$ cat protein34.txt   # compact mmCIF, C-alpha atoms
# COMPACT_ATOMS: atom_id res chain seq x y z
CA HIS H 1 -3.24 -13.00 21.46
CA PRO H 2 -5.59 -14.59 24.05
CA GLY H 3 -6.24 -11.15 25.57
CA ILE H 4 -7.74 -10.10 22.24
CA LEU H 5 -9.02 -13.41 20.87
CA LEU H 6 -11.14 -14.51 23.83
CA PRO H 7 -13.03 -11.19 24.18
CA ALA H 8 -13.62 -11.26 20.41
CA ILE H 9 -15.22 -14.69 20.64
CA ASP H 10 -17.25 -13.70 23.71
CA HIS H 11 -18.63 -10.49 22.22
CA LEU H 12 -18.51 -10.89 18.43
CA ASP H 13 -19.10 -14.57 17.62
CA PRO H 14 -19.52 -17.15 20.41
CA SER H 15 -19.79 -19.92 17.79
CA ILE H 16 -16.05 -19.72 17.09
CA ALA H 17 -13.99 -22.63 18.43
CA VAL H 18 -10.35 -22.55 19.50
CA ALA H 19 -8.42 -25.37 17.81
CA THR H 20 -5.24 -26.59 19.48
CA VAL H 21 -2.41 -28.96 18.66
CA ASP H 22 -0.22 -30.57 21.34
CA ASP H 23 2.76 -32.89 21.28
CA GLY H 24 1.01 -35.76 23.03
CA THR H 25 2.37 -34.85 26.45
CA GLY H 26 0.17 -31.79 26.96
CA ARG H 27 2.62 -29.24 25.58
CA LEU H 28 0.76 -26.75 23.38
CA LEU H 29 2.20 -26.45 19.88
CA ALA H 30 -0.43 -24.55 17.90
CA LEU H 31 -3.59 -22.55 18.48
CA ALA H 32 -6.07 -20.88 16.13
CA PRO H 33 -9.69 -19.68 16.25
CA VAL H 34 -11.62 -21.66 13.65
CA HIS H 35 -15.03 -22.36 12.21
CA HIS H 36 -16.33 -24.77 9.61
CA GLY H 37 -17.50 -23.44 6.27
CA ARG H 38 -17.09 -24.02 2.57
CA LEU H 39 -14.51 -22.93 0.06
CA GLY H 40 -16.36 -21.00 -2.62
CA LYS H 41 -19.57 -22.22 -0.94
CA ILE H 42 -18.82 -25.62 -2.51
CA SER H 43 -16.09 -27.71 -0.87
CA PRO H 44 -15.76 -28.28 2.90
CA ALA H 45 -13.15 -26.19 4.68
CA LEU H 46 -11.86 -25.29 8.10
CA TRP H 47 -11.42 -21.50 8.25
CA VAL H 48 -9.12 -19.63 10.59
CA TRP H 49 -11.29 -16.80 11.91
CA THR H 50 -10.59 -13.16 11.26
CA HIS H 51 -12.94 -10.21 11.66
CA ASP H 52 -13.15 -6.47 11.05
CA TYR H 53 -11.29 -5.67 14.26
CA ALA H 54 -8.40 -8.13 13.87
CA PRO H 55 -6.96 -7.84 10.34
CA LEU H 56 -4.32 -10.52 10.90
CA GLY H 57 -4.97 -14.24 10.60
CA THR H 58 -1.66 -15.68 11.78
CA PRO H 59 -2.17 -18.79 13.94
CA LEU H 60 0.06 -19.28 16.95
CA LEU H 61 2.78 -21.87 16.28
CA ASP H 62 5.51 -22.90 18.70
CA SER H 63 8.68 -21.54 17.10
CA ALA H 64 10.76 -24.25 18.78
CA ALA H 65 8.68 -26.98 17.10
CA ILE H 66 7.24 -25.09 14.17
CA ASP H 67 7.19 -28.02 11.72
CA GLU H 68 5.34 -30.29 14.14
CA ALA H 69 2.95 -27.46 14.98
CA ALA H 70 2.23 -26.71 11.32
CA ASP H 71 1.76 -30.41 10.52
CA GLY H 72 -0.78 -30.71 13.32
CA LEU H 73 -2.71 -27.61 12.28
CA VAL H 74 -2.93 -28.72 8.65
CA GLU H 75 -4.07 -32.18 9.76
CA LEU H 76 -7.04 -30.62 11.61
CA ALA H 77 -8.63 -29.88 8.21
CA GLY H 78 -9.19 -33.62 7.71
CA ASP H 79 -10.65 -34.35 4.28
CA GLY H 80 -11.37 -30.68 3.65
CA SER H 81 -9.31 -27.56 3.06
CA LEU H 82 -7.65 -25.26 5.57
CA VAL H 83 -8.20 -21.57 4.78
CA LEU H 84 -6.15 -18.83 6.47
CA PRO H 85 -7.24 -15.28 5.54
CA GLU H 86 -5.21 -12.13 6.31
CA LEU H 87 -1.94 -14.06 6.52
CA PRO H 88 1.45 -12.39 5.93
CA VAL H 89 2.45 -14.56 3.00
CA HIS H 90 6.23 -14.21 3.42
CA SER H 91 6.24 -14.93 7.16
CA HIS H 92 7.86 -17.91 8.87
CA VAL H 93 4.40 -19.18 9.81
CA ALA H 94 3.17 -19.09 6.21
CA ALA H 95 6.31 -20.88 5.05
CA ALA H 96 5.89 -23.56 7.73
CA LEU H 97 2.27 -24.14 6.70
CA ARG H 98 3.20 -24.41 3.02
CA ASP H 99 5.93 -26.91 3.89
CA ALA H 100 3.48 -28.89 6.02
CA ALA H 101 1.02 -28.98 3.13
CA GLU H 102 3.67 -30.37 0.81
CA ARG H 103 4.74 -33.01 3.33
CA ALA H 104 1.11 -34.12 3.60
CA GLY H 105 0.56 -34.23 -0.16
CA ARG H 106 -1.88 -31.33 -0.04
CA PRO H 107 -1.99 -28.64 -2.73
CA TRP H 108 -1.72 -25.04 -1.58
CA THR H 109 -2.18 -21.64 -3.14
CA ILE H 110 -2.34 -17.96 -2.20
CA VAL H 111 -5.49 -16.02 -3.10
CA ASP H 112 -6.10 -12.27 -2.88
CA GLN H 113 -2.49 -11.28 -2.19
CA GLN H 114 -2.26 -7.52 -1.58
CA PRO H 115 0.29 -5.16 -0.01
CA ARG H 116 -0.30 -3.54 3.39
CA ALA H 117 1.53 -0.40 4.49
CA ILE H 118 4.14 -0.90 7.20
CA LEU H 119 6.96 1.19 8.63
CA ASP H 120 10.23 -0.41 9.67
CA ARG H 121 12.46 1.30 12.20
CA PRO H 122 14.46 4.00 10.40
CA GLU H 123 18.21 3.72 10.20
CA ALA H 124 20.19 5.57 12.85
CA GLY H 125 20.07 9.28 12.15
CA ASP H 126 16.93 9.06 10.01
CA GLY H 127 13.45 10.11 11.07
CA VAL H 128 10.01 8.71 10.33
CA ARG H 129 9.30 11.68 8.03
CA ASP H 130 12.39 11.23 5.89
CA GLY H 131 10.55 8.88 3.55
CA LEU H 132 8.01 11.57 2.69
CA GLU H 133 8.31 13.92 -0.26
CA ARG H 134 9.90 17.20 0.77
CA ARG H 135 6.77 19.09 -0.25
CA ARG H 136 4.59 16.95 1.99
CA ARG H 137 6.97 17.22 4.94
CA LYS H 138 6.87 21.00 4.70
CA GLU H 139 3.08 21.06 4.39
CA PHE H 140 2.49 18.79 7.37
CA ALA H 141 4.90 20.87 9.48
CA ARG H 142 3.12 24.06 8.41
CA GLN H 143 -0.25 22.58 9.40
CA MET H 144 1.06 21.69 12.86
CA ARG H 145 2.36 25.24 13.33
CA ARG H 146 -1.04 26.64 12.37
CA LEU H 147 -2.76 24.22 14.72
CA ALA H 148 -0.46 25.32 17.54
CA GLU H 149 -1.63 28.90 17.02
CA LEU H 150 -5.05 27.85 18.34
CA GLY H 151 -3.82 26.94 21.82
CA GLU H 152 -1.43 24.77 23.79
CA LEU H 153 -0.59 21.87 21.47
CA THR H 154 0.75 18.64 22.96
CA VAL H 155 1.31 15.04 21.94
CA GLU H 156 0.51 12.55 24.68
CA VAL H 157 1.04 8.80 25.05
CA ALA H 158 -1.17 6.94 27.52
CA VAL H 159 0.35 3.68 28.77
CA HIS H 160 -0.65 3.32 32.43
CA PRO H 161 -3.93 1.34 32.70
CA ASP H 162 -6.01 4.14 34.27
CA HIS H 163 -4.68 6.70 31.82
CA ALA H 164 -5.18 4.41 28.81
CA ARG H 165 -8.74 3.61 29.84
CA ALA H 166 -9.61 7.28 30.18
CA ARG H 167 -8.12 8.11 26.80
CA PHE H 168 -9.91 5.18 25.19
CA GLU H 169 -13.24 6.50 26.43
CA GLU H 170 -12.31 9.78 24.72
CA PHE H 171 -11.52 7.81 21.59
CA LEU H 172 -14.95 6.14 21.59
CA ILE H 173 -16.65 9.53 21.85
CA LEU H 174 -14.46 11.08 19.15
CA GLU H 175 -14.98 8.19 16.72
CA ALA H 176 -18.75 8.17 17.27
CA ALA H 177 -18.90 11.91 16.51
CA GLY H 178 -17.39 11.36 13.04
CA TRP H 179 -18.41 9.60 9.85
CA LYS H 180 -18.24 6.15 11.43
CA GLY H 181 -20.83 7.27 13.95
CA ASP H 182 -23.01 8.58 11.12
CA GLU H 183 -22.80 5.20 9.36
CA GLY H 184 -23.24 3.16 12.54
CA THR H 185 -19.79 1.55 12.28
CA ALA H 186 -18.05 3.26 15.20
CA LEU H 187 -17.03 0.93 18.01
CA ALA H 188 -19.55 2.61 20.31
CA SER H 189 -22.38 2.15 17.79
CA GLN H 190 -23.01 -1.43 18.89
CA ALA H 191 -22.99 -2.77 22.44
CA ALA H 192 -20.99 -5.84 21.38
CA THR H 193 -18.16 -3.92 19.70
CA ALA H 194 -18.03 -1.39 22.52
CA ALA H 195 -17.72 -4.15 25.12
CA PHE H 196 -15.14 -6.04 23.06
CA SER H 197 -12.97 -3.00 22.45
CA ARG H 198 -13.06 -1.85 26.07
CA GLU H 199 -12.10 -5.30 27.28
CA ILE H 200 -9.11 -5.70 24.97
CA VAL H 201 -7.81 -2.19 25.66
CA PHE H 202 -8.15 -2.76 29.40
CA ASN H 203 -6.56 -6.24 29.17
CA ARG H 204 -3.59 -5.06 27.16
CA SER H 205 -3.08 -1.92 29.24
CA GLU H 206 -2.76 -4.07 32.36
CA ARG H 207 0.16 -5.79 30.65
CA GLY H 208 1.70 -2.54 29.45
CA THR H 209 1.17 -3.23 25.75
CA THR H 210 -1.39 -0.54 24.95
CA ARG H 211 -0.24 2.83 23.61
CA ILE H 212 -2.88 5.50 23.03
CA VAL H 213 -1.33 8.48 21.26
CA SER H 214 -3.28 11.73 21.09
CA ILE H 215 -2.72 15.22 19.74
CA ARG H 216 -4.37 17.69 22.08
CA LEU H 217 -5.27 21.37 22.17
CA GLY H 218 -5.35 22.05 25.87
CA ASP H 219 -7.31 19.07 27.13
CA HIS H 220 -9.29 18.64 23.91
CA PRO H 221 -8.35 15.63 21.73
CA VAL H 222 -7.80 16.62 18.11
CA ALA H 223 -6.83 13.10 17.01
CA ILE H 224 -6.25 9.75 18.71
CA VAL H 225 -4.70 6.50 17.54
CA VAL H 226 -5.00 3.31 19.60
CA CYS H 227 -1.96 1.04 19.30
CA PHE H 228 -1.01 -2.38 20.61
CA VAL H 229 2.47 -3.84 20.95
CA ALA H 230 3.27 -7.52 20.47
CA GLY H 231 6.89 -8.57 20.45
CA ALA H 232 8.87 -6.25 18.19
CA THR H 233 5.81 -5.02 16.28
CA ALA H 234 3.39 -2.22 17.10
CA TYR H 235 -0.06 -2.13 15.51
CA THR H 236 -1.93 1.12 14.85
CA TRP H 237 -5.31 -0.46 15.50
CA LYS H 238 -7.86 2.38 15.44
CA ILE H 239 -7.75 6.07 14.59
CA ALA H 240 -10.23 8.92 15.03
CA TYR H 241 -10.06 12.70 14.78
CA ASP H 242 -12.19 15.78 15.36
CA GLN H 243 -13.57 16.73 11.96
CA HIS H 244 -13.62 20.41 12.93
CA PHE H 245 -9.82 20.31 12.54
CA ALA H 246 -9.78 18.50 9.20
CA ARG H 247 -7.87 21.32 7.46
CA PHE H 248 -4.84 20.45 9.61
CA SER H 249 -4.70 16.79 8.44
CA PRO H 250 -5.14 15.47 11.99
CA GLY H 251 -5.16 11.82 10.92
CA VAL H 252 -1.80 12.19 9.22
CA GLN H 253 -0.40 14.19 12.12
CA VAL H 254 -1.34 11.64 14.76
CA MET H 255 0.04 8.74 12.71
CA LEU H 256 3.37 10.55 12.34
CA ALA H 257 3.36 11.40 16.04
CA ALA H 258 2.56 7.79 16.91
CA ALA H 259 5.48 6.53 14.82
CA ASP H 260 7.84 8.92 16.62
CA ARG H 261 6.63 7.78 20.05
CA LEU H 262 6.51 4.09 19.24
CA PHE H 263 10.04 4.01 17.86
CA ALA H 264 11.24 5.77 21.00
CA ASP H 265 10.98 2.25 22.44
CA PRO H 266 14.12 0.49 21.14
CA ALA H 267 12.35 -2.88 21.29
CA ILE H 268 9.89 -1.91 18.55
CA MET H 269 11.26 -2.64 15.09
CA ARG H 270 8.14 -2.40 12.92
CA ILE H 271 4.76 -0.68 12.86
CA ASP H 272 1.90 -2.47 11.09
CA SER H 273 -0.70 0.01 9.85
CA CYS H 274 -3.50 -2.62 9.98
CA ALA H 275 -4.83 -0.64 7.00
CA ALA H 276 -6.64 -1.91 3.94
CA PRO H 277 -4.47 -2.08 0.81
CA GLN H 278 -6.44 0.81 -0.69
CA ASN H 279 -5.91 3.10 2.31
CA ALA H 280 -4.50 6.24 0.70
CA MET H 281 -3.25 7.84 3.90
CA ALA H 282 -1.29 4.82 5.11
CA ASN H 283 0.14 4.18 1.65
CA ARG H 284 1.24 7.79 1.33
CA LEU H 285 2.87 7.98 4.76
CA TRP H 286 4.57 4.60 5.00
CA HIS H 287 6.42 3.21 2.01
CA GLY H 288 7.17 -0.22 3.44
CA ARG H 289 4.89 -3.05 2.35
CA MET H 290 3.93 -6.45 3.76
CA ASP H 291 2.06 -8.83 1.46
CA ILE H 292 -1.14 -10.17 3.02
CA GLY H 293 -3.22 -12.91 1.43
CA THR H 294 -5.38 -15.97 1.96
CA LEU H 295 -3.50 -19.27 2.16
CA VAL H 296 -5.65 -22.17 0.98
CA VAL H 297 -4.38 -25.66 1.79
CA GLY H 298 -6.41 -28.27 -0.06
CA PRO H 299 -7.24 -31.87 0.89
CA VAL H 300 -4.73 -34.65 0.30
CA GLY H 301 -4.40 -35.10 -3.44
CA GLY H 302 -6.61 -32.11 -4.23
CA GLY H 303 -9.57 -33.47 -6.16
CA ALA H 304 -12.31 -32.11 -8.41
CA LEU H 305 -14.50 -30.79 -5.59
CA TYR H 306 -11.59 -28.80 -4.15
CA ARG H 307 -10.65 -27.39 -7.55
CA THR H 308 -14.23 -26.34 -8.19
CA GLY H 309 -14.49 -24.71 -4.78
CA LEU H 310 -11.18 -22.91 -5.25
CA ALA H 311 -12.26 -21.57 -8.64
CA ALA H 312 -15.52 -20.33 -7.14
CA PHE H 313 -13.63 -18.70 -4.26
CA ARG H 314 -11.34 -16.86 -6.67
CA THR H 315 -14.43 -15.62 -8.51
CA GLU H 316 -15.94 -14.41 -5.22
CA VAL H 317 -12.76 -12.51 -4.35
CA ALA H 318 -12.67 -10.83 -7.77
CA ALA H 319 -16.37 -9.94 -7.57
CA ARG H 320 -15.90 -8.38 -4.13
CA ALA H 321 -13.01 -6.27 -5.40
CA THR H 322 -15.13 -5.03 -8.31
CA ALA H 323 -18.06 -4.29 -6.01
CA LYS H 324 -15.85 -2.32 -3.62
CA SER H 325 -14.47 -0.25 -6.48
CA LEU H 326 -17.93 0.53 -7.84
CA TRP H 327 -19.20 1.32 -4.35
CA ALA H 328 -16.43 3.87 -3.90
CA ARG H 329 -17.01 5.43 -7.33
CA LEU H 330 -20.72 5.80 -6.66
CA GLY H 331 -20.01 7.56 -3.39
CA GLY H 332 -21.44 4.88 -1.12
CA PRO H 333 -20.68 4.84 2.61
CA ARG H 334 -17.04 4.15 3.39
CA HIS H 335 -18.02 0.98 5.20
CA HIS H 336 -19.09 -1.38 2.41
CA PRO H 337 -21.15 -4.53 2.97
CA TRP H 338 -18.83 -7.00 1.24
CA LYS H 339 -16.81 -9.25 3.51
CA THR H 340 -14.54 -12.23 3.03
CA GLN H 341 -16.74 -15.00 4.35
CA PRO H 342 -16.77 -18.78 3.91

$ encode --input "protein34.txt" --output "structure tokens"
Amino acid sequence: HPGILLPAIDHLDPSIAVATVDDGTGRLLALAPVHHGRLGKISPALWVWTHDYAPLGTPLLDSAAIDEAADGLVELAGDGSLVLPELPVHSHVAAALRDAAERAGRPWTIVDQQPRAILDRPEAGDGVRDGLERRRRKEFARQMRRLAELGELTVEVAVHPDHARARFEEFLILEAAGWKGDEGTALASQAATAAFSREIVFNRSERGTTRIVSIRLGDHPVAIVVCFVAGATAYTWKIAYDQHFARFSPGVQVMLAAADRLFADPAIMRIDSCAAPQNAMANRLWHGRMDIGTLVVGPVGGGALYRTGLAAFRTEVAARATAKSLWARLGGPRHHPWKTQP
């Protein structure tokens, strides 16, 4: 969304360009943030940009002219490859891009396909907790009762711009007081990420698409999750909790509360956790899955340089996965230094 993309470019990487496709009369058909790089550090490629704070690499395509839009976007890669990380591989956009690649005589493949936790709107009469094991449901309910014994317990949703901004400032403080603050990865730890996050929350709240859900004891935030809504999907973007209340599973509690409140809006049909595939909490709470991967569209006819670059890229992806696993086993900081980069 432009209200998220443009602040990201301004604050996180001003070198990113915005590529567009039109129909020749000025009508916009496709848009994507891009940068030039190399596939496997070998073959030239045009990369659709993603970053730590936007785990979704879907380009914007005009649904009324999706084939023409996809053809134009693929053509922008020229003699190189087009690489789209963090793409929902079973989406209409992914299918349109694969079809465009085949029409152009370009090979395509999916690399690093992994499942992400999602929650689809429950059937009528069902609740968001019905998918949990009975033992877990009882334990989470017990924890909330114990938490309520400490004071007045409420669940609040901030939507109005002034309210959302105030609650987001609370979020920044809460996140910085936890392990992300200790590791320097909280949004408030860097001026650029603080400015970016404030701007997108403020932008989206002005349009009524920010939802900041908090569990509170009196006026003290126990846990906060920042959500955005786009179309029929809500995204649980960032979560933080007061570690003094860890025994009550505040992260789980606020995610369950957020699902309840988000689905109170009949227009919302799905919640995307935005979580990494290895995120134990999201995987335990939400049993729905959406496959995310990197779509690589090669040059016309493929070629030896492309095949070599693709093989090297696959090796990079496998090496990163191994490094992440070892990092976790050795007890390294939760924020690891390995990124998917061109």

$ closest_residue --input "protein34.txt" --among "H:Ala275, H:Val213, H:Ile110, H:Val21" --to "Phe313 (chain H)" --atoms "only C-alpha atoms"
H:Ile110

$ atom_distance --input "protein34.txt" --atom1 "CA of Leu84 (chain H)" --atom2 "CA of Asp52 (chain H)"
14.9 Å

$ closest_residue --input "protein34.txt" --among "H:Gly231, H:Leu330, H:Ile200, H:Thr315" --to "Pro2 (chain H)" --atoms "only C-alpha atoms"
H:Ile200

$ residues_near_point --input "protein34.txt" --point "(-7.4, 7.7, 31.7)" --cutoff "12 Å" --atoms "all atoms listed in the file" --output "NGL selection string"
:H and (156-171 or 201-202 or 205 or 211-212)

$ closest_residue --input "protein34.txt" --among "H:Ile224, H:Leu28, H:Leu97, H:Ile239" --to "Ala64 (chain H)" --atoms "only C-alpha atoms"
H:Leu28

$ residues_around --input "protein34.txt" --residues "Leu5 (chain H)" --least-positions-apart "3" --cutoff "9 Å" --atoms "all atoms listed in the file" --output "MDAnalysis selection string"
chainID H and resid 1:2 8:10 33 54 200

$ residues_around --input "protein34.txt" --residues "Leu172 (chain H)" --least-positions-apart "3" --cutoff "12 Å" --atoms "all atoms listed in the file" --output "MDAnalysis selection string"
chainID H and resid 165:169 175:178 180:181 185:190 193:195 197:198 201 221 223:226 238:242

$ decode --input "protein34.txt" --residues "region 80-94 of chain H" --atoms "N, CA and C atoms" --output "short mmCIF file (atom, residue, chain, number, x, y, z; two decimals), in the first residue's frame"
data_model
loop_
_atom_site.label_atom_id
_atom_site.label_comp_id
_atom_site.auth_asym_id
_atom_site.auth_seq_id
_atom_site.Cartn_x
_atom_site.Cartn_y
_atom_site.Cartn_z
N GLY H 80 17.29 -10.02 -17.77
CA GLY H 80 17.59 -10.68 -16.50
C GLY H 80 16.39 -11.42 -15.96
N SER H 81 16.48 -11.75 -14.68
CA SER H 81 15.39 -12.44 -13.99
C SER H 81 14.56 -11.45 -13.19
N LEU H 82 13.34 -11.84 -12.89
CA LEU H 82 12.48 -11.11 -11.96
C LEU H 82 12.33 -11.98 -10.72
N VAL H 83 12.64 -11.41 -9.55
CA VAL H 83 12.61 -12.18 -8.30
C VAL H 83 11.61 -11.52 -7.36
N LEU H 84 10.65 -12.31 -6.88
CA LEU H 84 9.59 -11.80 -6.00
C LEU H 84 9.59 -12.59 -4.69
N PRO H 85 10.28 -12.10 -3.65
CA PRO H 85 10.28 -12.79 -2.36
C PRO H 85 8.95 -12.60 -1.63
N GLU H 86 8.72 -13.45 -0.62
CA GLU H 86 7.57 -13.31 0.28
C GLU H 86 6.25 -13.21 -0.49
N LEU H 87 6.10 -14.05 -1.49
CA LEU H 87 4.90 -14.03 -2.33
C LEU H 87 3.98 -15.20 -1.96
N PRO H 88 2.71 -14.95 -1.71
CA PRO H 88 1.77 -16.07 -1.52
C PRO H 88 1.68 -16.87 -2.82
N VAL H 89 2.19 -18.09 -2.79
CA VAL H 89 2.42 -18.80 -4.05
C VAL H 89 1.14 -19.31 -4.71
N HIS H 90 0.04 -19.39 -3.97
CA HIS H 90 -1.22 -19.86 -4.55
C HIS H 90 -2.19 -18.71 -4.81
N SER H 91 -1.70 -17.50 -4.79
CA SER H 91 -2.56 -16.33 -5.00
C SER H 91 -2.83 -16.10 -6.48
N HIS H 92 -3.83 -15.27 -6.76
CA HIS H 92 -4.14 -14.91 -8.15
C HIS H 92 -2.97 -14.16 -8.78
N VAL H 93 -2.30 -13.34 -7.99
CA VAL H 93 -1.16 -12.58 -8.52
C VAL H 93 -0.03 -13.53 -8.93
N ALA H 94 0.28 -14.49 -8.07
CA ALA H 94 1.34 -15.44 -8.40
C ALA H 94 0.98 -16.23 -9.65
#
